Every structure is written in structure tokens, then in C-alpha cells.
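Structure file start34.pdb (PDB, C-alpha atoms and all ligand atoms) is printed below.
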ATOM      1  CA  ALA U   1       2.144 -14.225 -33.879
ATOM      2  CA  THR U   2       1.135 -17.855 -33.735
ATOM      3  CA  PRO U   3      -1.447 -18.891 -31.153
ATOM      4  CA  MET U   4       0.685 -21.949 -30.297
ATOM      5  CA  SER U   5       3.679 -19.957 -29.123
ATOM      6  CA  ILE U   6       1.438 -17.702 -27.034
ATOM      7  CA  ILE U   7      -0.059 -20.772 -25.367
ATOM      8  CA  SER U   8       3.420 -22.092 -24.663
ATOM      9  CA  GLY U   9       4.360 -18.685 -23.194
ATOM     10  CA  VAL U  10       1.362 -18.863 -20.852
ATOM     11  CA  GLY U  11       2.420 -22.407 -19.907
ATOM     12  CA  ARG U  12       6.007 -21.388 -19.310
ATOM     13  CA  ALA U  13       4.841 -18.507 -17.093
ATOM     14  CA  ALA U  14       2.815 -21.009 -15.021
ATOM     15  CA  GLU U  15       6.006 -22.997 -14.371
ATOM     16  CA  PHE U  16       7.374 -19.815 -12.769
ATOM     17  CA  GLY U  17       4.262 -19.423 -10.600
ATOM     18  CA  VAL U  18       2.744 -16.732 -12.806
ATOM     19  CA  LEU U  19      -0.885 -17.135 -13.949
ATOM     20  CA  VAL U  20      -1.593 -15.221 -17.165
ATOM     21  CA  ARG U  21      -5.313 -14.726 -17.916
ATOM     22  CA  ASP U  22      -5.097 -14.851 -21.728
ATOM     23  CA  ALA U  23      -2.941 -14.321 -24.828
ATOM     24  CA  ASP U  24      -3.842 -10.656 -24.918
ATOM     25  CA  ALA U  25      -2.456 -10.086 -21.420
ATOM     26  CA  LEU U  26       0.843 -11.692 -22.408
ATOM     27  CA  GLN U  27       1.031  -9.480 -25.482
ATOM     28  CA  ARG U  28       0.407  -6.280 -23.488
ATOM     29  CA  ALA U  29       2.938  -7.388 -20.860
ATOM     30  CA  SER U  30       5.652  -7.495 -23.538
ATOM     31  CA  THR U  31       5.540  -3.745 -24.312
ATOM     32  CA  LEU U  32       5.368  -2.100 -20.865
ATOM     33  CA  THR U  33       7.436   0.987 -20.007
ATOM     34  CA  THR U  34       6.351   1.804 -16.439
ATOM     35  CA  LEU U  35       5.727  -0.419 -13.432
ATOM     36  CA  VAL U  36       3.596   1.034 -10.643
ATOM     37  CA  PHE U  37       3.777  -0.681  -7.249
ATOM     38  CA  ASP U  38       1.376  -0.360  -4.358
ATOM     39  CA  LYS U  39       3.467   0.119  -1.201
ATOM     40  CA  THR U  40       1.765  -1.745   1.638
ATOM     41  CA  GLY U  41       1.799  -5.503   1.179
ATOM     42  CA  THR U  42       3.424  -5.313  -2.254
ATOM     43  CA  LEU U  43       6.814  -3.636  -1.725
ATOM     44  CA  THR U  44       6.572  -4.140   2.034
ATOM     45  CA  GLU U  45       5.748  -7.204   4.105
ATOM     46  CA  GLY U  46       2.308  -5.793   4.858
ATOM     47  CA  ALA U  47       2.502  -6.728   8.536
ATOM     48  CA  PRO U  48       3.217  -3.359  10.177
ATOM     49  CA  ARG U  49       4.307  -3.068  13.827
ATOM     50  CA  VAL U  50       4.126  -0.195  16.322
ATOM     51  CA  VAL U  51       7.740   0.735  17.128
ATOM     52  CA  GLU U  52       7.146   3.785  19.329
ATOM     53  CA  VAL U  53       4.328   5.693  21.021
ATOM     54  CA  VAL U  54       4.922   9.418  21.646
ATOM     55  CA  LEU U  55       2.534  11.095  24.131
ATOM     56  CA  PHE U  56       1.236  14.689  24.065
ATOM     57  CA  ASN U  57      -0.885  16.938  26.292
ATOM     58  CA  GLY U  58      -0.332  14.879  29.462
ATOM     59  CA  ALA U  59      -1.726  11.651  28.000
ATOM     60  CA  GLU U  60      -1.034   8.233  29.574
ATOM     61  CA  ALA U  61       0.328   5.366  27.469
ATOM     62  CA  ALA U  62      -2.109   2.700  28.744
ATOM     63  CA  ASN U  63      -5.083   4.956  28.072
ATOM     64  CA  VAL U  64      -4.166   6.021  24.513
ATOM     65  CA  GLU U  65      -3.282   2.441  23.575
ATOM     66  CA  ARG U  66      -6.708   1.257  24.800
ATOM     67  CA  GLN U  67      -8.517   4.072  22.988
ATOM     68  CA  ALA U  68      -6.670   3.509  19.718
ATOM     69  CA  ALA U  69      -7.118  -0.278  19.819
ATOM     70  CA  ALA U  70     -10.832   0.089  20.640
ATOM     71  CA  LEU U  71     -11.279   2.310  17.563
ATOM     72  CA  GLU U  72      -9.338  -0.048  15.285
ATOM     73  CA  GLN U  73     -11.561  -3.045  16.159
ATOM     74  CA  GLY U  74     -13.864  -1.835  13.426
ATOM     75  CA  SER U  75     -11.181  -1.457  10.745
ATOM     76  CA  SER U  76      -9.633  -4.051   8.449
ATOM     77  CA  HIS U  77      -6.642  -1.838   7.563
ATOM     78  CA  PRO U  78      -3.172  -3.382   8.167
ATOM     79  CA  LEU U  79      -2.388  -0.412  10.480
ATOM     80  CA  ALA U  80      -5.396  -1.396  12.629
ATOM     81  CA  ARG U  81      -3.907  -4.843  13.256
ATOM     82  CA  ALA U  82      -0.606  -3.218  14.312
ATOM     83  CA  ILE U  83      -2.329  -0.980  16.874
ATOM     84  CA  ILE U  84      -4.508  -3.796  18.271
ATOM     85  CA  ASN U  85      -1.520  -6.163  18.580
ATOM     86  CA  HIS U  86       0.535  -3.480  20.289
ATOM     87  CA  ALA U  87      -2.147  -2.841  22.933
ATOM     88  CA  ALA U  88      -2.305  -6.620  23.580
ATOM     89  CA  LEU U  89      -5.501  -6.313  25.648
ATOM     90  CA  ALA U  90      -7.666  -9.347  26.476
ATOM     91  CA  SER U  91     -10.835  -7.379  25.752
ATOM     92  CA  LEU U  92     -11.572  -4.020  24.179
ATOM     93  CA  PRO U  93     -14.446  -1.638  24.950
ATOM     94  CA  GLU U  94     -17.126  -0.910  22.349
ATOM     95  CA  VAL U  95     -16.884   2.377  20.497
ATOM     96  CA  ALA U  96     -20.037   4.375  19.723
ATOM     97  CA  GLN U  97     -20.657   6.007  16.313
ATOM     98  CA  PHE U  98     -17.673   4.235  14.726
ATOM     99  CA  ARG U  99     -16.758   5.472  11.265
ATOM    100  CA  THR U 100     -14.089   4.560   8.689
ATOM    101  CA  ILE U 101     -12.780   7.507   6.706
ATOM    102  CA  PRO U 102     -11.157   5.888   3.622
ATOM    103  CA  GLY U 103      -7.534   6.864   3.077
ATOM    104  CA  LEU U 104      -7.497   8.944   6.270
ATOM    105  CA  GLY U 105      -8.378   6.918   9.366
ATOM    106  CA  VAL U 106     -11.218   6.126  11.791
ATOM    107  CA  SER U 107     -13.364   7.926  14.372
ATOM    108  CA  GLY U 108     -15.784   7.155  17.201
ATOM    109  CA  ILE U 109     -16.850   7.963  20.750
ATOM    110  CA  LEU U 110     -15.482   6.166  23.837
ATOM    111  CA  ASP U 111     -16.418   6.963  27.476
ATOM    112  CA  GLY U 112     -18.220  10.035  26.130
ATOM    113  CA  LYS U 113     -15.058  11.371  24.435
ATOM    114  CA  PRO U 114     -14.901  11.925  20.670
ATOM    115  CA  LEU U 115     -11.790  10.181  19.264
ATOM    116  CA  LEU U 116     -10.067  10.539  15.920
ATOM    117  CA  LEU U 117      -7.261   8.233  14.712
ATOM    118  CA  GLY U 118      -5.395   8.587  11.443
ATOM    119  CA  ASN U 119      -2.972  10.649   9.419
ATOM    120  CA  LEU U 120      -2.085  14.339   9.420
ATOM    121  CA  ALA U 121      -4.489  14.993   6.539
ATOM    122  CA  LEU U 122      -7.358  13.690   8.731
ATOM    123  CA  MET U 123      -6.371  15.972  11.632
ATOM    124  CA  GLU U 124      -6.157  18.962   9.305
ATOM    125  CA  GLN U 125      -9.510  18.117   7.741
ATOM    126  CA  GLN U 126     -11.053  17.992  11.250
ATOM    127  CA  LYS U 127      -9.394  21.306  12.225
ATOM    128  CA  ILE U 128      -7.259  19.772  15.003
ATOM    129  CA  ASP U 129      -4.270  21.917  16.027
ATOM    130  CA  THR U 130      -1.157  19.984  14.898
ATOM    131  CA  SER U 131       1.487  22.708  15.396
ATOM    132  CA  GLU U 132       2.947  20.985  18.481
ATOM    133  CA  ILE U 133       3.537  17.628  16.786
ATOM    134  CA  THR U 134       4.772  18.461  13.274
ATOM    135  CA  GLY U 135       8.496  18.133  14.182
ATOM    136  CA  THR U 136       8.041  14.713  15.832
ATOM    137  CA  LEU U 137       5.887  13.597  12.931
ATOM    138  CA  ALA U 138       8.427  14.598  10.277
ATOM    139  CA  GLU U 139      11.228  12.919  12.228
ATOM    140  CA  HIS U 140       9.478   9.534  12.338
ATOM    141  CA  ALA U 141       8.298   9.761   8.731
ATOM    142  CA  ALA U 142      11.807  10.602   7.511
ATOM    143  CA  ASN U 143      13.103   7.259   8.731
ATOM    144  CA  GLY U 144      10.324   5.343   7.016
ATOM    145  CA  SER U 145       7.732   4.973   9.783
ATOM    146  CA  THR U 146       4.068   5.788   9.203
ATOM    147  CA  PRO U 147       2.892   8.198  11.909
ATOM    148  CA  VAL U 148      -0.681   7.556  13.086
ATOM    149  CA  LEU U 149      -2.140  10.314  15.280
ATOM    150  CA  LEU U 150      -4.749   9.982  18.019
ATOM    151  CA  ALA U 151      -6.858  12.992  18.976
ATOM    152  CA  ALA U 152      -9.196  12.944  22.003
ATOM    153  CA  GLU U 153     -11.726  15.720  22.550
ATOM    154  CA  GLY U 154     -10.117  17.765  19.789
ATOM    155  CA  LYS U 155      -6.500  17.538  21.017
ATOM    156  CA  ILE U 156      -3.615  15.373  19.784
ATOM    157  CA  VAL U 157      -2.724  12.941  22.583
ATOM    158  CA  ALA U 158      -0.465  10.398  20.861
ATOM    159  CA  LEU U 159       1.603   9.529  17.820
ATOM    160  CA  PHE U 160       2.006   5.833  16.988
ATOM    161  CA  ALA U 161       5.115   5.293  14.836
ATOM    162  CA  ILE U 162       4.382   2.201  12.730
ATOM    163  CA  ARG U 163       6.950   0.359  10.647
ATOM    164  CA  ASP U 164       6.322  -1.996   7.771
ATOM    165  CA  PRO U 165       9.685  -3.257   6.478
ATOM    166  CA  LEU U 166      10.388  -3.903   2.795
ATOM    167  CA  ARG U 167      10.036  -7.502   1.687
ATOM    168  CA  GLN U 168      13.411  -9.125   1.879
ATOM    169  CA  GLU U 169      13.644  -9.609  -1.922
ATOM    170  CA  SER U 170      12.164  -6.225  -2.940
ATOM    171  CA  VAL U 171      15.459  -4.387  -3.435
ATOM    172  CA  SER U 172      17.136  -7.027  -5.622
ATOM    173  CA  ALA U 173      13.971  -7.680  -7.652
ATOM    174  CA  LEU U 174      13.522  -3.954  -8.299
ATOM    175  CA  GLN U 175      17.183  -3.650  -9.322
ATOM    176  CA  ARG U 176      16.601  -6.414 -11.837
ATOM    177  CA  LEU U 177      13.613  -4.552 -13.304
ATOM    178  CA  HIS U 178      15.499  -1.262 -13.301
ATOM    179  CA  ARG U 179      18.356  -2.762 -15.297
ATOM    180  CA  ARG U 180      15.812  -3.820 -17.925
ATOM    181  CA  GLY U 181      14.862  -0.167 -18.367
ATOM    182  CA  TYR U 182      11.464   0.055 -16.682
ATOM    183  CA  GLN U 183      10.505   3.235 -14.859
ATOM    184  CA  LEU U 184       9.588   2.190 -11.299
ATOM    185  CA  VAL U 185       6.832   4.088  -9.484
ATOM    186  CA  MET U 186       5.392   3.747  -5.968
ATOM    187  CA  LEU U 187       1.676   4.539  -5.514
ATOM    188  CA  THR U 188       0.439   4.916  -1.944
ATOM    189  CA  GLY U 189      -2.118   6.487   0.350
ATOM    190  CA  ASP U 190       0.639   6.950   2.916
ATOM    191  CA  ASN U 191       2.240  10.366   3.414
ATOM    192  CA  GLU U 192       4.938  11.708   1.089
ATOM    193  CA  ILE U 193       7.833  11.783   3.595
ATOM    194  CA  THR U 194       7.389   8.143   4.667
ATOM    195  CA  ALA U 195       6.840   7.064   1.066
ATOM    196  CA  ASN U 196      10.008   8.854  -0.107
ATOM    197  CA  ALA U 197      12.094   7.252   2.652
ATOM    198  CA  ILE U 198      10.900   3.765   1.692
ATOM    199  CA  ALA U 199      11.266   4.487  -2.046
ATOM    200  CA  ARG U 200      14.891   5.522  -1.558
ATOM    201  CA  GLU U 201      15.599   2.290   0.319
ATOM    202  CA  ALA U 202      13.817   0.235  -2.365
ATOM    203  CA  GLY U 203      15.373   1.952  -5.398
ATOM    204  CA  ILE U 204      12.087   3.354  -6.747
ATOM    205  CA  ASP U 205      12.364   6.223  -9.287
ATOM    206  CA  ARG U 206       9.207   8.116  -8.574
ATOM    207  CA  VAL U 207       6.660   8.425  -5.752
ATOM    208  CA  ILE U 208       2.960   9.256  -5.989
ATOM    209  CA  ALA U 209       1.890   9.606  -2.320
ATOM    210  CA  GLY U 210      -1.113  10.758  -0.313
ATOM    211  CA  VAL U 211      -3.456   9.274  -2.906
ATOM    212  CA  LEU U 212      -7.000   8.546  -1.716
ATOM    213  CA  PRO U 213      -8.326   5.067  -2.665
ATOM    214  CA  GLU U 214     -10.432   6.436  -5.554
ATOM    215  CA  GLY U 215      -7.423   8.402  -6.861
ATOM    216  CA  LYS U 216      -5.256   5.367  -7.591
ATOM    217  CA  ALA U 217      -6.912   4.529 -10.940
ATOM    218  CA  GLN U 218      -6.713   8.193 -11.924
ATOM    219  CA  ALA U 219      -2.957   8.261 -11.200
ATOM    220  CA  ILE U 220      -2.511   5.288 -13.573
ATOM    221  CA  SER U 221      -4.574   7.010 -16.240
ATOM    222  CA  GLN U 222      -2.391  10.132 -15.988
ATOM    223  CA  LEU U 223       0.746   8.066 -16.638
ATOM    224  CA  GLN U 224      -1.000   6.520 -19.670
ATOM    225  CA  GLN U 225      -1.889   9.972 -20.982
ATOM    226  CA  GLN U 226       1.835  10.793 -20.799
ATOM    227  CA  GLY U 227       2.410   7.934 -23.254
ATOM    228  CA  GLN U 228       3.508   5.306 -20.727
ATOM    229  CA  GLN U 229       2.432   1.671 -21.023
ATOM    230  CA  VAL U 230       1.667   0.851 -17.446
ATOM    231  CA  ALA U 231       1.522  -2.246 -15.261
ATOM    232  CA  MET U 232       0.031  -1.874 -11.772
ATOM    233  CA  ILE U 233       1.189  -4.356  -9.145
ATOM    234  CA  GLY U 234      -0.991  -4.523  -6.022
ATOM    235  CA  ASP U 235      -2.692  -6.764  -3.513
ATOM    236  CA  GLY U 236      -5.505  -4.874  -1.807
ATOM    237  CA  ILE U 237      -9.234  -4.313  -2.343
ATOM    238  CA  ASN U 238      -8.315  -0.628  -2.756
ATOM    239  CA  ASP U 239      -6.016  -1.535  -5.641
ATOM    240  CA  ALA U 240      -8.694  -3.166  -7.838
ATOM    241  CA  PRO U 241      -9.736  -0.043  -9.831
ATOM    242  CA  ALA U 242      -6.073   0.766 -10.550
ATOM    243  CA  LEU U 243      -5.390  -2.858 -11.585
ATOM    244  CA  ALA U 244      -8.331  -2.576 -14.006
ATOM    245  CA  GLN U 245      -7.181   0.794 -15.393
ATOM    246  CA  ALA U 246      -3.581  -0.354 -16.031
ATOM    247  CA  ASP U 247      -2.549  -1.866 -19.379
ATOM    248  CA  VAL U 248      -1.659  -4.925 -17.309
ATOM    249  CA  GLY U 249      -2.920  -5.474 -13.751
ATOM    250  CA  ILE U 250      -0.697  -7.776 -11.698
ATOM    251  CA  ALA U 251      -2.047  -9.163  -8.397
ATOM    252  CA  MET U 252       0.238 -10.448  -5.667
ATOM    253  CA  GLY U 253      -0.879 -13.923  -4.586
ATOM    254  CA  GLY U 254      -2.126 -14.000  -1.019
ATOM    255  CA  GLY U 255      -3.800 -10.617  -1.489
ATOM    256  CA  SER U 256      -7.517  -9.869  -1.727
ATOM    257  CA  ASP U 257      -9.815 -11.924  -3.992
ATOM    258  CA  VAL U 258     -11.032  -8.736  -5.659
ATOM    259  CA  ALA U 259      -7.484  -7.853  -6.726
ATOM    260  CA  ILE U 260      -6.937 -11.364  -8.121
ATOM    261  CA  GLU U 261     -10.268 -11.317 -10.008
ATOM    262  CA  THR U 262      -9.457  -7.953 -11.580
ATOM    263  CA  ALA U 263      -5.864  -8.649 -12.568
ATOM    264  CA  ALA U 264      -4.665  -9.953 -15.957
ATOM    265  CA  ILE U 265      -1.725 -11.633 -14.238
ATOM    266  CA  THR U 266      -1.584 -13.246 -10.786
ATOM    267  CA  LEU U 267       1.675 -14.073  -9.024
ATOM    268  CA  MET U 268       1.407 -17.333  -7.094
ATOM    269  CA  ARG U 269       4.685 -16.542  -5.344
ATOM    270  CA  GLN U 270       4.626 -13.584  -2.948
ATOM    271  CA  ASP U 271       7.922 -12.450  -4.410
ATOM    272  CA  LEU U 272       8.574  -9.459  -6.681
ATOM    273  CA  ASN U 273      11.038 -11.576  -8.673
ATOM    274  CA  ALA U 274       7.913 -13.188 -10.147
ATOM    275  CA  VAL U 275       7.129  -9.804 -11.782
ATOM    276  CA  ALA U 276      10.541  -9.799 -13.469
ATOM    277  CA  ASP U 277      10.052 -13.439 -14.530
ATOM    278  CA  ALA U 278       6.584 -12.737 -15.956
ATOM    279  CA  LEU U 279       7.725  -9.735 -18.006
ATOM    280  CA  ALA U 280      10.804 -11.586 -19.300
ATOM    281  CA  ILE U 281       8.662 -14.524 -20.435
ATOM    282  CA  ALA U 282       6.186 -12.164 -22.133
ATOM    283  CA  LYS U 283       9.016 -10.453 -24.020
ATOM    284  CA  ALA U 284      10.704 -13.693 -25.027
ATOM    285  CA  THR U 285       7.427 -15.205 -26.247
ATOM    286  CA  LEU U 286       6.480 -12.223 -28.369
ATOM    287  CA  ARG U 287      10.025 -11.844 -29.720
ATOM    288  CA  ASN U 288      10.002 -15.492 -30.908
ATOM    289  CA  MET U 289       6.839 -14.819 -32.858
ATOM    290  CA  LYS U 290       8.195 -11.969 -34.951
TER     291      LYS U 290
HETATM  292  P1  LIG S 301      -2.378   2.355   1.371
HETATM  293  O1  LIG S 301      -3.205   1.147   0.952
HETATM  294  O2  LIG S 301      -1.509   2.864   0.268
HETATM  295  O3  LIG S 301      -1.641   2.132   2.656
HETATM  296  P2  LIG S 301      -4.768   3.663   2.424
HETATM  297  O4  LIG S 301      -5.630   4.505   1.562
HETATM  298  O5  LIG S 301      -5.290   2.357   2.876
HETATM  299  O6  LIG S 301      -3.385   3.555   1.640
HETATM  300  O7  LIG S 301      -4.377   4.491   3.722
HETATM  301  C1  LIG S 301      -3.751   5.743   3.603
HETATM  302  C2  LIG S 301      -3.418   6.307   4.966
HETATM  303  O8  LIG S 301      -4.617   6.584   5.701
HETATM  304  C3  LIG S 301      -2.623   5.393   5.866
HETATM  305  O9  LIG S 301      -1.237   5.477   5.588
HETATM  306  C4  LIG S 301      -2.973   5.960   7.225
HETATM  307  O10 LIG S 301      -2.190   7.092   7.502
HETATM  308  C5  LIG S 301      -4.413   6.375   7.077
HETATM  309  N1  LIG S 301      -5.335   5.314   7.532
HETATM  310  C6  LIG S 301      -6.215   4.638   6.762
HETATM  311  N2  LIG S 301      -6.909   3.743   7.492
HETATM  312  C7  LIG S 301      -6.445   3.834   8.760
HETATM  313  C8  LIG S 301      -6.737   3.175  10.001
HETATM  314  N3  LIG S 301      -7.671   2.214  10.107
HETATM  315  N4  LIG S 301      -6.045   3.554  11.095
HETATM  316  C9  LIG S 301      -5.096   4.511  11.012
HETATM  317  N5  LIG S 301      -4.777   5.162   9.898
HETATM  318  C10 LIG S 301      -5.425   4.854   8.780
HETATM  319 MG    MG S 302      -1.628  -2.786  -0.316
END

I'd like the structure from this file rewritten - as C-alpha cells, please.
Ligand code: ADP
Ligand code: MG
Amino acid sequence: ATPMSIISGVGRAAEFGVLVRDADALQRASTLTTLVFDKTGTLTEGAPRVVEVVLFNGAEAANVERQAAALEQGSSHPLARAIINHAALASLPEVAQFRTIPGLGVSGILDGKPLLLGNLALMEQQKIDTSEITGTLAEHAANGSTPVLLAAEGKIVALFAIRDPLRQESVSALQRLHRRGYQLVMLTGDNEITANAIAREAGIDRVIAGVLPEGKAQAISQLQQQGQQVAMIGDGINDAPALAQADVGIAMGGGSDVAIETAAITLMRQDLNAVADALAIAKATLRNMK
């Protein structure tokens, strides 16, 4: 392994819009077996939209949309933006006792009513009766939407079906990686049914869903214990510990600064084909040195 050829490999990667931190990163990138992708913002566009609002318990659309948007003012989650944009209100009321519950949702008090907004796991944790909505929830999840539930005063009043389409190039880029023999895994905090629907569409082999933010690094470590050499590809603040745990962390350009600082490789193009390019260059460089 000559240092010169490694340097030229790093240079060649840069021509493809791939920033490799050091020679070591390139070396590790040449022997990977498993590629783990974050879902939101990595496989998908990361700009989710509300596609349907289903009402329960006599709720009114205008009211639940205002309540949900008011709660989401305090959140930086991509789902929050979707709910605020959907409500399209000129001004939103302040929420008292606002709280973010990582990986689950948000809560607060509006007009004296306790509100809870998030996934099924959050409703179950807060002992909200969900028996009436499970069918509707499964239906929306099965076609790839993320169901976000709103509970007011302890009762489910709405389901927001939110859709975040795959990036246009995801399917072909993943096919390319699959043909090269990598095992492709999706890692997400989203629910299993939604994740499976999107994975099927994307051509992903394996889904690890319902993972809380702190569980992402642990999921990577489990794959490593099974003998896999793992790259993690992600963009969010939540992804940083998993990027650090992976044999090679790959940050999508345009994502959070924390992800970019943690990653061994940064993609300047927001295009999963850059992953395939980076791994091909790593392999070719290391092969030439043997
Ligand atoms: P990921 O980054 O994989 O999407 P997160 O841990 O950020 O995972 O979120 C997991 C799930 O928690 C989301 O799919 C959603 O159901 C719920 N959730 C988290 N934050 C919010 C929020 N601000 N509003 C509604 N739901 C949320
Ligand atoms: Mg993400």
C-alpha cells in the first residue's frame, strides 16, 4: 500500500464530489459488507407532506390542524414542518409546558387542554386508548405514509398521514450497490409497517425500525458483532452516534453539521449514486496497491 496511490484515490473521490477524511477511511471503505441507511432525508427527500387528515371523536379539521401546528412550533423534526405547512396559518398560539419526547413526538397544553402529538408508541406509553384507530393507522402505514396521532384531553382526535417520497435516484443507486453484493439495511425511528413499505419500494434487504435516537449506534454495533463491516449513511443530528460507531460513517451533504463533522466520508452531492462511486473508488485504489 503506497501512500501516493491512497492520496490519488482521495483526489479521485473528490472529483466525484466525495470528501474522504483520510487514508484510513478509504482503506476501511474498501472492505465493507453492509450498508445501513437512515430513512428520512437519506433514502427519502426529507421534505414530508401531509396527504390526509382523518378525524376521530367528533373533532373538527380546523381545530386539530391549529392544535397540531401550535405544538410543532417548538420542534425541529421534519414532520413538524409538514404539519405547520399543512395548517398554513398566519399566526399560531403559544403552547404551555411544551416538551419534545425524542423518537416519539411532542406534548403541551393549549387553551387549558393537554395535547399529545406523535406515534403509536407515544400514545401507548401515555396510556391513550388506541383501539378505535389501529385499522386506519395500519392502512396508511402499509402504503408508506407515516401516521402522526393527535390526542386531546386523553382521547385520539386526529391522524395526520404524512408522506416523504423516496429520492428520485434512490432505487437505481441501491440496485447498483445490491449488484455489487452489499447487504442493504434501513435504520429508522419510524414505525415498522411504514418502514417496510418504503424498503420494499427502495429495494432494501432488511429493516430495523422503531429505533429510538440513542438506539441507532447500538443497532450498528450489533451488526458488527455479527461479523459485518458496516457503513452508516445518514444526514441528521440523531445519526451522529451511529456514524461514529460504524466502520465508515458517510454523511449526506446538506445534512446537519454534526453529521458531517462525525463522518469519515462526506458526499457533496445529495445523491446516493455518490455512495456507489465512493465505494468503487475505495476498492479500485486498494486493489491497485496489492
Ligand atoms: P427518524 O430520524 O428515523 O425519522 P426520529 O427518532 O426522529 O426518527 O422519529 C421517530 C418517530 O417519532 C417519527 O417517525 C414520528 O412518528 C415520531 N416523532 C418524532 N418527533 C416528532 C414530532 N416532532 N412530531 C410528530 N412525531 C414525531
Ligand atoms: Mg434523517

Exercise. So what do you get for atom CA of U:Thr266 versus atom CA of U:Ala199, distance-wise?
Worked result: 23.6 Å

Exercise. Taking the file as shown, what set of residues would the PyMOL selection byres (((not hetatm)) within 9 of (chain S and resi 301)) give back, as a ChimeraX atom specification?
Worked result: /U:38-41,68,71-81,83,100-106,117-122,146-150,187-191,209-214,236-239

Exercise. How many Å separate atom CA of U:Ala202 from atom CA of U:Ala142?
Worked result: 14.5 Å

Exercise. Can you tell me, as a ChimeraX atom specification, what residues are no more than 12 Å from stretch 17-23 of chain U when counting all atoms listed in the file, ignoring any on the same chain fewer than 6 positions away?
Worked result: /U:1-11,29-30,248-253,260-282,285-286

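Atom CA of U:Val157 is found 9.5 Å from atom CA of U:Ala61.
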
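Each of U:Met186, U:Ile204, U:Ala82, U:Leu223 was checked against ligand MG 302 (chain S) using all atoms listed in the file; the smallest atom-to-atom distance is that of U:Met186.
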
Problem set entry | Test item: the PyMOL selection byres (((chain U and resi 163-167) around 6) and not hetatm) resolved as a list in words | Leu43, Thr44, Glu45, Pro48, Arg49, Ser145, Ile162, Gln168, Glu169 and Ser170 of chain U

Based on the selection just made, write C-alpha atoms of those residues as a compact mmCIF listing (two decimals), in the coordinates of the input.
# COMPACT_ATOMS: atom_id res chain seq x y z
CA LEU U 43 6.81 -3.64 -1.72
CA THR U 44 6.57 -4.14 2.03
CA GLU U 45 5.75 -7.20 4.11
CA PRO U 48 3.22 -3.36 10.18
CA ARG U 49 4.31 -3.07 13.83
CA SER U 145 7.73 4.97 9.78
CA ILE U 162 4.38 2.20 12.73
CA GLN U 168 13.41 -9.12 1.88
CA GLU U 169 13.64 -9.61 -1.92
CA SER U 170 12.16 -6.22 -2.94

For this session: For U:Gln224, please output as a list in words all residues within 12 Å (counting all atoms listed in the file; exclusion window: fewer than 4 positions along the same chain).
Result: Leu32, Thr33, Thr34, Leu35, Val36, Ala217, Gln218, Ala219, Ile220, Gln228, Gln229, Val230, Ala231, Met232, Ala242, Gln245, Ala246, Asp247 and Val248 of chain U

Problem set entry | For U:Thr194, the nearest of the candidates U:Gly234, U:Tyr182, U:Glu139, U:Gly154, counting only C-alpha atoms | U:Glu139

Problem set entry | Hits of the PyMOL selection byres (((chain U and resi 108) around 6) and not hetatm) in this structure, as a PyMOL selection string | chain U and resi 95-98+107+109+114-115

Can you spit out the residues from that selection as an mmCIF file, keeping the file's coordinate frame, using C-alpha atoms?
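Okay, again13.cif is ready:
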data_model
loop_
_atom_site.group_PDB
_atom_site.id
_atom_site.type_symbol
_atom_site.label_atom_id
_atom_site.label_comp_id
_atom_site.auth_asym_id
_atom_site.auth_seq_id
_atom_site.Cartn_x
_atom_site.Cartn_y
_atom_site.Cartn_z
ATOM 1 C CA VAL U 95 -16.884 2.377 20.497
ATOM 2 C CA ALA U 96 -20.037 4.375 19.723
ATOM 3 C CA GLN U 97 -20.657 6.007 16.313
ATOM 4 C CA PHE U 98 -17.673 4.235 14.726
ATOM 5 C CA SER U 107 -13.364 7.926 14.372
ATOM 6 C CA ILE U 109 -16.850 7.963 20.750
ATOM 7 C CA PRO U 114 -14.901 11.925 20.670
ATOM 8 C CA LEU U 115 -11.790 10.181 19.264
#

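Considering all atoms listed in the file, the residue among U:Thr31, U:Ile84, U:Leu243, U:Asn63 positioned nearest to ligand MG 302 (chain S) is U:Leu243.
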
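Each of U:Thr42, U:Gln27, U:Ser256, U:Asn57 was compared to ligand MG 302 (chain S) using only C-alpha atoms and all ligand atoms, and U:Thr42 turns out to be the nearest.
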
Emit a file covering stretch 3-32 of chain U of the preceding structure with C-alpha atoms, as a PDB file, in the first residue's frame.
ATOM      1  CA  PRO U   3       0.803   6.427   0.382  1.00  0.00           C
ATOM      2  CA  MET U   4       0.876   8.017  -3.096  1.00  0.00           C
ATOM      3  CA  SER U   5      -1.852   5.823  -4.529  1.00  0.00           C
ATOM      4  CA  ILE U   6      -4.024   6.411  -1.462  1.00  0.00           C
ATOM      5  CA  ILE U   7      -3.627  10.163  -1.931  1.00  0.00           C
ATOM      6  CA  SER U   8      -4.588   9.813  -5.578  1.00  0.00           C
ATOM      7  CA  GLY U   9      -7.639   7.756  -4.524  1.00  0.00           C
ATOM      8  CA  VAL U  10      -8.711  10.547  -2.166  1.00  0.00           C
ATOM      9  CA  GLY U  11      -8.196  13.036  -5.014  1.00  0.00           C
ATOM     10  CA  ARG U  12     -10.158  10.936  -7.465  1.00  0.00           C
ATOM     11  CA  ALA U  13     -13.020  10.645  -4.956  1.00  0.00           C
ATOM     12  CA  ALA U  14     -13.078  14.462  -4.680  1.00  0.00           C
ATOM     13  CA  GLU U  15     -13.610  14.690  -8.451  1.00  0.00           C
ATOM     14  CA  PHE U  16     -16.790  12.658  -7.881  1.00  0.00           C
ATOM     15  CA  GLY U  17     -17.944  15.011  -5.111  1.00  0.00           C
ATOM     16  CA  VAL U  18     -16.876  12.671  -2.320  1.00  0.00           C
ATOM     17  CA  LEU U  19     -14.720  14.068   0.516  1.00  0.00           C
ATOM     18  CA  VAL U  20     -12.669  11.351   2.225  1.00  0.00           C
ATOM     19  CA  ARG U  21     -11.227  12.370   5.622  1.00  0.00           C
ATOM     20  CA  ASP U  22      -8.002  10.330   5.453  1.00  0.00           C
ATOM     21  CA  ALA U  23      -6.214   7.288   4.007  1.00  0.00           C
ATOM     22  CA  ASP U  24      -7.552   5.095   6.774  1.00  0.00           C
ATOM     23  CA  ALA U  25     -11.157   5.896   5.855  1.00  0.00           C
ATOM     24  CA  LEU U  26     -10.505   4.933   2.237  1.00  0.00           C
ATOM     25  CA  GLN U  27      -8.958   1.658   3.358  1.00  0.00           C
ATOM     26  CA  ARG U  28     -11.925   0.767   5.594  1.00  0.00           C
ATOM     27  CA  ALA U  29     -14.349   1.740   2.816  1.00  0.00           C
ATOM     28  CA  SER U  30     -12.784  -0.894   0.546  1.00  0.00           C
ATOM     29  CA  THR U  31     -13.800  -3.885   2.714  1.00  0.00           C
ATOM     30  CA  LEU U  32     -17.419  -3.126   3.688  1.00  0.00           C
TER      31      LEU U  32
END
